[in-house]
Amino acid sequence: MSKDSRIVRHTLSVIVDNEPGALARVVGLFSGRGYNIESLNVAEVDHTAHTSRITLVTSGTPEVIDQIQAQLARLVPVQRVLDLTLETPGVERELALIKVAGSADQRVEAMRISQEYRASVVDTTLESFIFEVAGEPSKIDAFVEAMRPLGLVEVSRTGVAAITKGAAAM
Amino acid sequence: MSTMEDKNESLGAGTQMTGSEMVIRALKDQGVRHIFGYPGGAVLPIYDSLFQDNELVHVLVRHEQGAVHAAEGYARSTGKPGVVLVTSGPGATNAVTGITDALMDSIPLVVITGQVATHLIGNDAFQECDTVGITRPCTKHNWLVRDIEDLSRVLHEAFQIATTGRPGPVVVDIPKDIQFKKGTYTGPEHVRHRTYRPKLDPDTAAIEQAVAMMAAAKRPLFYTGGGIINSGPEASRLLRELVAVTGFPITSTLMGLGAYPASGPNWLGPLGMHGTYEANLATSRCDLLICLGARFDDRVTGRLDAFSTGSKKIHLDIDPSQINKNVRVDLPIIGDAARALRAMLMVWKETNAKSDAAALKDWWTQVDGWRAKNSLSFRNSTKLIKPQHAIDRLYELSKGRETYITTEVGQHQMWAMQRFKFDEPNHWMTSGGLGTMGYGLPAALGVQMAHPNALVVDIAGEASVQMTMQEVSTAVQYELPIKIFILNNEYMGMVRQWQQLLHGGRYSHSYSEALPDFVKLAEAFGAVGIRATTPDELDGKIMEMINVRRPVLFDCRVDPTENCYPMIPSGAAHDQMILSDSADEPQVSEEGKMLV
């Protein structure tokens with residue numbers, strides 16, 4: 001059988017029992033087996049059922065992505081794994097906090113561009129802004145690049161959160 | 001009040017006891033009889049409860065690695081989980097090699113480790129280590145129990161997870177204060193992991209498709225592995241039936257020996273790097289490869305892009321992550337081996353399926369041609385004991401007895417795999433995946449503990465056996481009459497062989513210098529030492545070893561330069577086997593040299 005060697009970016013949703021070490025197992029699996037993590041996002045999503053949702057962005061050939069999914073599913077606290085890239089394309093969003101410092105024209109320009117990106121200002125001093133911007137990772141990349149010449153100081157990103165479109169749950 | 005307590009007692013739930021009492025109670029409720037362990041500060045409360053118990057048998061090893069290998073031998077020879085009890089810090093880290101070994105070979109183990117008290121965790125306390133952190137990648141699952149009310153549930157879940165689905169080792173780390181604390185005990189009947197549900201029943205459609213592929217095959221081959229053994233004796237029985245009704249040839253991995261009898265007519269011997277010519281050629285040339293409970297390990301496949309290129313492949317495994325991991329397969333079947341084999345047999349019979357008799361006859365003619373090469377033959381000597389001859393004699397002289405074989409790792413292991421003929425499952429214990437030198441001696445202890453009247457032989461090398469040699473002391477203490485049959489060639493033989501074949505004969509640090517006198521060493525331990533140096537005396541000495549009801553260190557002096565053939569050099573394909581020293585220098589590619 002011929003191997004498909006194209007490396008493709010995939011977003012995986014992993015529902016896990018919220019127990020100590022669950023995240024370490026997932027992360028350790030990636031480092032131990034030599035897979036990439038491009039972004040990772042985790043939080044409890046159901047307090048009563050003690051479940052957390054991990055959203056992982058990784059890349060690899062279709063075979064590697066299949067292996068990653070199977071290896072994840074094998075972990076005892078993992079309940080379900082879904083490849084959002086292959087399902088009815090999911091919605092992906094990321095949030096970033098971006099600190100920009102500057103004065104005069106730079107400041108005005110940063111503010112003007114932030115409006116184009118629908119970023120909101122969550123902190124202001126005389127020398128700086130902190131913008132909050134949400135959207136697809138590529139939009140955040142673009143916004144960060146736009147801020148770079150305007151006094152970009154610091155970036156904090158959440159990593160991708162993703163969910164399938166339509167009425168059904170994963 | 002008393003009636004209430006009685007009722008709770010009968011439910012096995014609601015009884016108040018300390019954590020250490022819970023451990024003992026949970027083990028007994030899980031049907032455990034034997035524990036392999038070593039005490040220390042952080043498990044003293046459990047050892048105290050053990051002292052007050054009259055049912056559990058504790059085997060005191062001499063090193064924690066030995067405890068784990070002993071538990072592995074116990075588990076593999078009985079089908080029951082092996083249980084280990086060790087202390088925190090070095091107790092736990094010493095156990096890691098054994099735990100990793102069990103993970104690689106899918107051996108069910110429950111390893112209980114002591115931990116420093118909860119309030120000390122993270123403070124670099126005496127004999128503290130992050131046991132769950134260290135063992136996370138080498139266990140199927142692990143737990144640190146921080147609340148006494150979780151302890152009994154976790155212990156029962158530990159057994160459930162270790163023994164079901166693809167078996168494996170689990171670690172339960174119990175801080176010392178939790179061992180002292182009182183809490184509520186819950187019996188196993190009330191515990192089932194909340195979400196863990198391995199898939200055991202194969203899809204009917206996949207089974208039907210498998211049967212159709214088998215009936216249509218012209219050159220079929222069964223390739224079976226440790227999954228058949230792990231599924232239980234019923235899987236071996238069903239496999240034999242399936243081989244009989246189809247008439248297909250069968251080969252097996254190192255881990256799967258005994259599932260199909262070596263004396264069976266369809267047996268081709270093991271496949272892989274040191275497998276037989278017929279098994280590897282059949283794998284290379286078959287048109288249908290039916291993989292049952294094996295995982296296309298690199299020792300089996302050799303060069304992947306040349307592995308069995310002309311075949312359709314069926315892969316049955318209980319672990320979905322094994323499918324398409326190394327080799328793309330045409331038909332995956334997820335499930336327990338016994339259930340899948342039963343379903344295949346049922347469909348085979350119901351659909352009145354027939355093998356293609358004419359094609360199969362031609363295939364067997366071809367296979368028999370390869371068999372005629374007699375690839376395991378060797379040139380015997382009247383002066384030196386050839387290691388192959390020593391194993392042949394051990395096999396012949398132990399025939400008819402209930403014999404269990406363990407091994408260390410290296411040439412002797414491969415010779416044992418090739419030459420010792422296993423007719424039953426669970427009689428062959430070896431470190432396959434991890435390749436752990438030092439496995440065989442302690443594993444033999446565990447086997448002998450479970451089968452006190454059997455003949456248990458560790459086929460060993462003089463280098464491997466020194467790694468866990470101290471466990472002879474355990475054998476003496478518990479009067480376990482294990483036989484450590486050392487093929488002493490004064491070299492790390494497999495390292496020497498690779499250095500000869502791949503590194504221009506530069507024998508870098510592979511000579512076993514300053515060897516102990518194994519006979520005197522045996523005597524120092526209080527065991528029996530026997531030495532054989534010539535072929536003439538070999539049979540008599542082996543019989544002496546078999547007949548003495550005490551642990552024996554047998555120093556069998558063999559030809560130091562014998563190589564293990566056949567061999568597929570690393571990076572080569574199955575049809576590029578080297579059959580003997582007289583063959584041309586093997587051509588090993590630069591890529592091949594990179595491979596282990």
# chains A, B, ... in the order shown; residues from 1 in each chain; ligands from 1
$ residues_around --residues "B:Gly37" --least-positions-apart "4" --cutoff "9 Å" --atoms "only C-alpha atoms" --output "list in words"
His58, Val59, Leu60, Val61, Arg62, His63, Glu64, Gly66, Ala67, Val68, Val83, Val84, Leu85, Val86 and Thr87 of chain B
$ write_last_selection --atoms "N, CA and C atoms" --output "short mmCIF file (atom, residue, chain, number, x, y, z; two decimals), in the first residue's frame"
data_model
loop_
_atom_site.label_atom_id
_atom_site.label_comp_id
_atom_site.auth_asym_id
_atom_site.auth_seq_id
_atom_site.Cartn_x
_atom_site.Cartn_y
_atom_site.Cartn_z
N HIS B 58 4.61 -14.09 50.93
CA HIS B 58 5.50 -13.04 50.45
C HIS B 58 6.86 -13.63 50.13
N VAL B 59 7.37 -13.32 48.95
CA VAL B 59 8.71 -13.77 48.57
C VAL B 59 9.64 -12.58 48.63
N LEU B 60 10.61 -12.69 49.52
CA LEU B 60 11.59 -11.60 49.68
C LEU B 60 12.70 -11.76 48.66
N VAL B 61 12.76 -10.81 47.73
CA VAL B 61 13.82 -10.86 46.71
C VAL B 61 15.06 -10.14 47.23
N ARG B 62 16.08 -10.01 46.37
CA ARG B 62 17.31 -9.35 46.79
C ARG B 62 17.51 -8.01 46.11
N HIS B 63 16.62 -7.69 45.18
CA HIS B 63 16.68 -6.42 44.47
C HIS B 63 15.28 -6.24 43.85
N GLU B 64 14.78 -5.02 43.85
CA GLU B 64 13.41 -4.81 43.40
C GLU B 64 13.19 -5.21 41.94
N GLY B 66 14.35 -7.74 40.59
CA GLY B 66 14.07 -9.17 40.68
C GLY B 66 12.62 -9.44 41.05
N ALA B 67 12.07 -8.61 41.93
CA ALA B 67 10.67 -8.80 42.35
C ALA B 67 9.76 -8.67 41.14
N VAL B 68 10.03 -7.69 40.31
CA VAL B 68 9.14 -7.45 39.17
C VAL B 68 9.28 -8.58 38.14
N VAL B 83 2.00 -9.74 41.49
CA VAL B 83 1.90 -8.63 42.45
C VAL B 83 3.25 -8.34 43.07
N VAL B 84 3.59 -7.05 43.12
CA VAL B 84 4.89 -6.60 43.63
C VAL B 84 4.65 -5.55 44.71
N LEU B 85 5.45 -5.61 45.75
CA LEU B 85 5.36 -4.63 46.83
C LEU B 85 6.75 -4.11 47.13
N VAL B 86 6.96 -2.82 46.89
CA VAL B 86 8.29 -2.23 47.13
C VAL B 86 8.14 -0.88 47.81
N THR B 87 9.25 -0.38 48.31
CA THR B 87 9.20 0.87 49.03
C THR B 87 9.39 2.06 48.07
#
$ closest_atom_pairs --of "chain B" --to "chain A" --cutoff "10 Å" --atoms "only C-alpha atoms" --output "Markdown table"
| residue | atom | partner | partner_atom | distance |
| --- | --- | --- | --- | --- |
| B:Val132 | CA | A:Gly21 | CA | 8.4 |
| B:Gly133 | CA | A:Gly21 | CA | 8.2 |
| B:Arg136 | CA | A:Arg25 | CA | 6.9 |
| B:Pro137 | CA | A:Gly28 | CA | 7.1 |
| B:Lys140 | CA | A:Val76 | CA | 7.6 |
| B:His141 | CA | A:Val76 | CA | 6.5 |
| B:Asn142 | CA | A:Gly21 | CA | 9.1 |
| B:Trp143 | CA | A:Pro20 | CA | 8.5 |
| B:Leu144 | CA | A:Pro20 | CA | 8.6 |
| B:Ile161 | CA | A:Val76 | CA | 8.3 |
| B:Arg166 | CA | A:Arg74 | CA | 9.8 |
| B:His193 | CA | A:Val76 | CA | 9.4 |
| B:Arg194 | CA | A:Asp17 | CA | 9.0 |
| B:Thr195 | CA | A:Gln79 | CA | 6.5 |
| B:Tyr196 | CA | A:Val76 | CA | 6.0 |
| B:Arg197 | CA | A:Val76 | CA | 8.9 |
| B:Pro198 | CA | A:Arg74 | CA | 9.0 |
| B:Thr309 | CA | A:Met1 | CA | 8.8 |
| B:Lys312 | CA | A:Met1 | CA | 9.6 |
| B:Asp319 | CA | A:Arg74 | CA | 7.6 |
| B:Pro320 | CA | A:Ala70 | CA | 6.3 |
| B:Ser321 | CA | A:Ala70 | CA | 4.6 |
| B:Gln322 | CA | A:Ala70 | CA | 8.2 |
| B:Ile323 | CA | A:Gln67 | CA | 8.4 |
| B:Asn324 | CA | A:Glu63 | CA | 7.6 |
| B:Lys325 | CA | A:Gln67 | CA | 6.5 |
| B:Asn326 | CA | A:Glu63 | CA | 9.7 |
| B:Val327 | CA | A:Met1 | CA | 9.2 |
| B:Arg328 | CA | A:Met1 | CA | 6.7 |
| B:Val329 | CA | A:Met1 | CA | 8.3 |
| B:Asp330 | CA | A:Met1 | CA | 8.8 |
$ closest_residue --among "B:Leu445, B:Tyr491, B:Pro569, B:Gly505" --to "B:Pro551" --atoms "only C-alpha atoms"
B:Leu445
$ select_by_dssp --residues "stretch 28-151 of chain A" --states "strand (DSSP E or B)" --output "count of residues only"
48
$ select_by_dssp --residues "stretch 121-316 of chain B" --states "alpha helix (DSSP H)" --output "NGL selection string"
:B and (131-135 or 148-163 or 176-180 or 204-216 or 226-231 or 233-246 or 277-285 or 298-301)
$ residues_around --residues "A:Asp46" --least-positions-apart "5" --cutoff "10 Å" --atoms "only C-alpha atoms" --output "JSON, numbers by chain"
{"A": [17, 18, 51, 52, 53]}
$ write_last_selection --atoms "all heavy atoms" --output "compact mmCIF listing (two decimals), in the first residue's frame"
# COMPACT_ATOMS: atom_id res chain seq x y z
N ASP A 17 -11.00 12.12 31.56
CA ASP A 17 -11.39 12.21 32.96
C ASP A 17 -10.50 13.26 33.60
O ASP A 17 -9.28 13.24 33.42
CB ASP A 17 -11.16 10.87 33.69
CG ASP A 17 -12.02 9.75 33.13
OD1 ASP A 17 -13.07 10.06 32.54
OD2 ASP A 17 -11.63 8.57 33.28
N ASN A 18 -11.09 14.18 34.34
CA ASN A 18 -10.29 15.22 34.98
C ASN A 18 -9.67 14.65 36.25
O ASN A 18 -10.25 14.72 37.33
CB ASN A 18 -11.16 16.43 35.29
CG ASN A 18 -10.35 17.57 35.85
OD1 ASN A 18 -9.11 17.53 35.83
ND2 ASN A 18 -11.02 18.59 36.35
N THR A 51 -15.01 15.93 33.66
CA THR A 51 -14.33 15.75 32.38
C THR A 51 -13.70 17.06 31.94
O THR A 51 -14.23 18.14 32.17
CB THR A 51 -15.28 15.25 31.27
OG1 THR A 51 -16.43 16.09 31.25
CG2 THR A 51 -15.69 13.83 31.47
N SER A 52 -12.54 16.90 31.30
CA SER A 52 -11.84 18.03 30.72
C SER A 52 -11.76 17.84 29.23
O SER A 52 -11.83 16.71 28.74
CB SER A 52 -10.43 18.15 31.29
OG SER A 52 -10.48 18.52 32.64
N ARG A 53 -11.58 18.95 28.54
CA ARG A 53 -11.40 18.86 27.10
C ARG A 53 -10.03 19.42 26.75
O ARG A 53 -9.69 20.52 27.15
CB ARG A 53 -12.50 19.66 26.40
CG ARG A 53 -12.44 19.57 24.89
CD ARG A 53 -13.64 20.32 24.29
NE ARG A 53 -13.67 20.17 22.85
CZ ARG A 53 -14.73 19.70 22.17
NH1 ARG A 53 -15.82 19.33 22.81
NH2 ARG A 53 -14.70 19.63 20.86
$ residues_around --residues "B:Ser508" --least-positions-apart "6" --cutoff "12 Å" --atoms "only C-alpha atoms" --output "PyMOL selection string"
chain B and resi 491-492+495-500
$ atom_distance --atom1 "atom CA of B:Lys520" --atom2 "atom CA of B:Asn453"
26.4 Å
$ atom_distance --atom1 "atom CA of B:Phe36" --atom2 "atom CA of B:Val57"
8.6 Å
$ atom_distance --atom1 "atom CA of A:Ala162" --atom2 "atom CA of A:Glu132"
18.5 Å
$ closest_residue --among "B:Val548, B:Val558, B:Val23, B:Ala573" --to "B:Asp305" --atoms "only C-alpha atoms"
B:Ala573
$ residues_around --residues "stretch 433-435 of chain B" --least-positions-apart "3" --cutoff "9 Å" --atoms "only C-alpha atoms" --output "number ranges by chain"
B: 97, 100-105, 255, 297, 408-410, 430, 439
$ write_last_selection --atoms "N, CA, C and O atoms" --output "mmCIF file, in the first residue's frame"
data_model
loop_
_atom_site.group_PDB
_atom_site.id
_atom_site.type_symbol
_atom_site.label_atom_id
_atom_site.label_comp_id
_atom_site.auth_asym_id
_atom_site.auth_seq_id
_atom_site.Cartn_x
_atom_site.Cartn_y
_atom_site.Cartn_z
ATOM 1 N N THR B 97 12.837 -0.998 35.526
ATOM 2 C CA THR B 97 13.232 -1.866 34.410
ATOM 3 C C THR B 97 12.222 -3.001 34.233
ATOM 4 O O THR B 97 11.782 -3.284 33.111
ATOM 5 N N THR B 100 8.882 -1.658 32.876
ATOM 6 C CA THR B 100 8.972 -1.367 31.438
ATOM 7 C C THR B 100 8.961 -2.665 30.637
ATOM 8 O O THR B 100 8.325 -2.761 29.583
ATOM 9 N N ASP B 101 9.665 -3.664 31.158
ATOM 10 C CA ASP B 101 9.681 -4.971 30.508
ATOM 11 C C ASP B 101 8.254 -5.521 30.382
ATOM 12 O O ASP B 101 7.846 -5.994 29.323
ATOM 13 N N ALA B 102 7.496 -5.408 31.469
ATOM 14 C CA ALA B 102 6.117 -5.925 31.474
ATOM 15 C C ALA B 102 5.231 -5.136 30.523
ATOM 16 O O ALA B 102 4.326 -5.697 29.889
ATOM 17 N N LEU B 103 5.494 -3.846 30.402
ATOM 18 C CA LEU B 103 4.692 -3.041 29.476
ATOM 19 C C LEU B 103 4.950 -3.486 28.036
ATOM 20 O O LEU B 103 4.022 -3.676 27.254
ATOM 21 N N MET B 104 6.221 -3.666 27.707
ATOM 22 C CA MET B 104 6.574 -4.045 26.336
ATOM 23 C C MET B 104 6.007 -5.419 25.973
ATOM 24 O O MET B 104 5.663 -5.662 24.823
ATOM 25 N N ASP B 105 5.960 -6.330 26.950
ATOM 26 C CA ASP B 105 5.507 -7.686 26.658
ATOM 27 C C ASP B 105 4.066 -7.945 27.115
ATOM 28 O O ASP B 105 3.618 -9.088 27.122
ATOM 29 N N MET B 255 7.298 -14.204 21.388
ATOM 30 C CA MET B 255 6.377 -14.164 22.518
ATOM 31 C C MET B 255 5.236 -15.175 22.393
ATOM 32 O O MET B 255 4.562 -15.459 23.369
ATOM 33 N N ASP B 297 6.651 -6.181 14.984
ATOM 34 C CA ASP B 297 7.836 -5.633 15.631
ATOM 35 C C ASP B 297 9.004 -5.593 14.633
ATOM 36 O O ASP B 297 9.049 -6.388 13.703
ATOM 37 N N GLU B 408 17.478 -15.398 29.646
ATOM 38 C CA GLU B 408 18.025 -14.049 29.700
ATOM 39 C C GLU B 408 17.931 -13.488 28.279
ATOM 40 O O GLU B 408 17.065 -13.925 27.533
ATOM 41 N N VAL B 409 18.834 -12.597 27.911
ATOM 42 C CA VAL B 409 18.730 -11.993 26.585
ATOM 43 C C VAL B 409 20.045 -12.111 25.831
ATOM 44 O O VAL B 409 21.107 -11.813 26.375
ATOM 45 N N GLY B 410 19.954 -12.571 24.612
ATOM 46 C CA GLY B 410 21.149 -12.685 23.774
ATOM 47 C C GLY B 410 21.100 -13.937 22.921
ATOM 48 O O GLY B 410 20.023 -14.466 22.632
ATOM 49 N N THR B 430 10.157 -15.090 28.387
ATOM 50 C CA THR B 430 11.366 -14.438 27.910
ATOM 51 C C THR B 430 11.097 -12.955 27.746
ATOM 52 O O THR B 430 9.941 -12.547 27.607
ATOM 53 N N TYR B 439 16.589 -10.942 33.159
ATOM 54 C CA TYR B 439 15.176 -11.280 33.335
ATOM 55 C C TYR B 439 14.974 -12.719 33.816
ATOM 56 O O TYR B 439 14.132 -12.993 34.671
#
$ closest_residue --among "A:Glu109, A:Glu116, A:Glu136, A:Glu127" --to "A:Ala161" --atoms "only C-alpha atoms"
A:Glu136
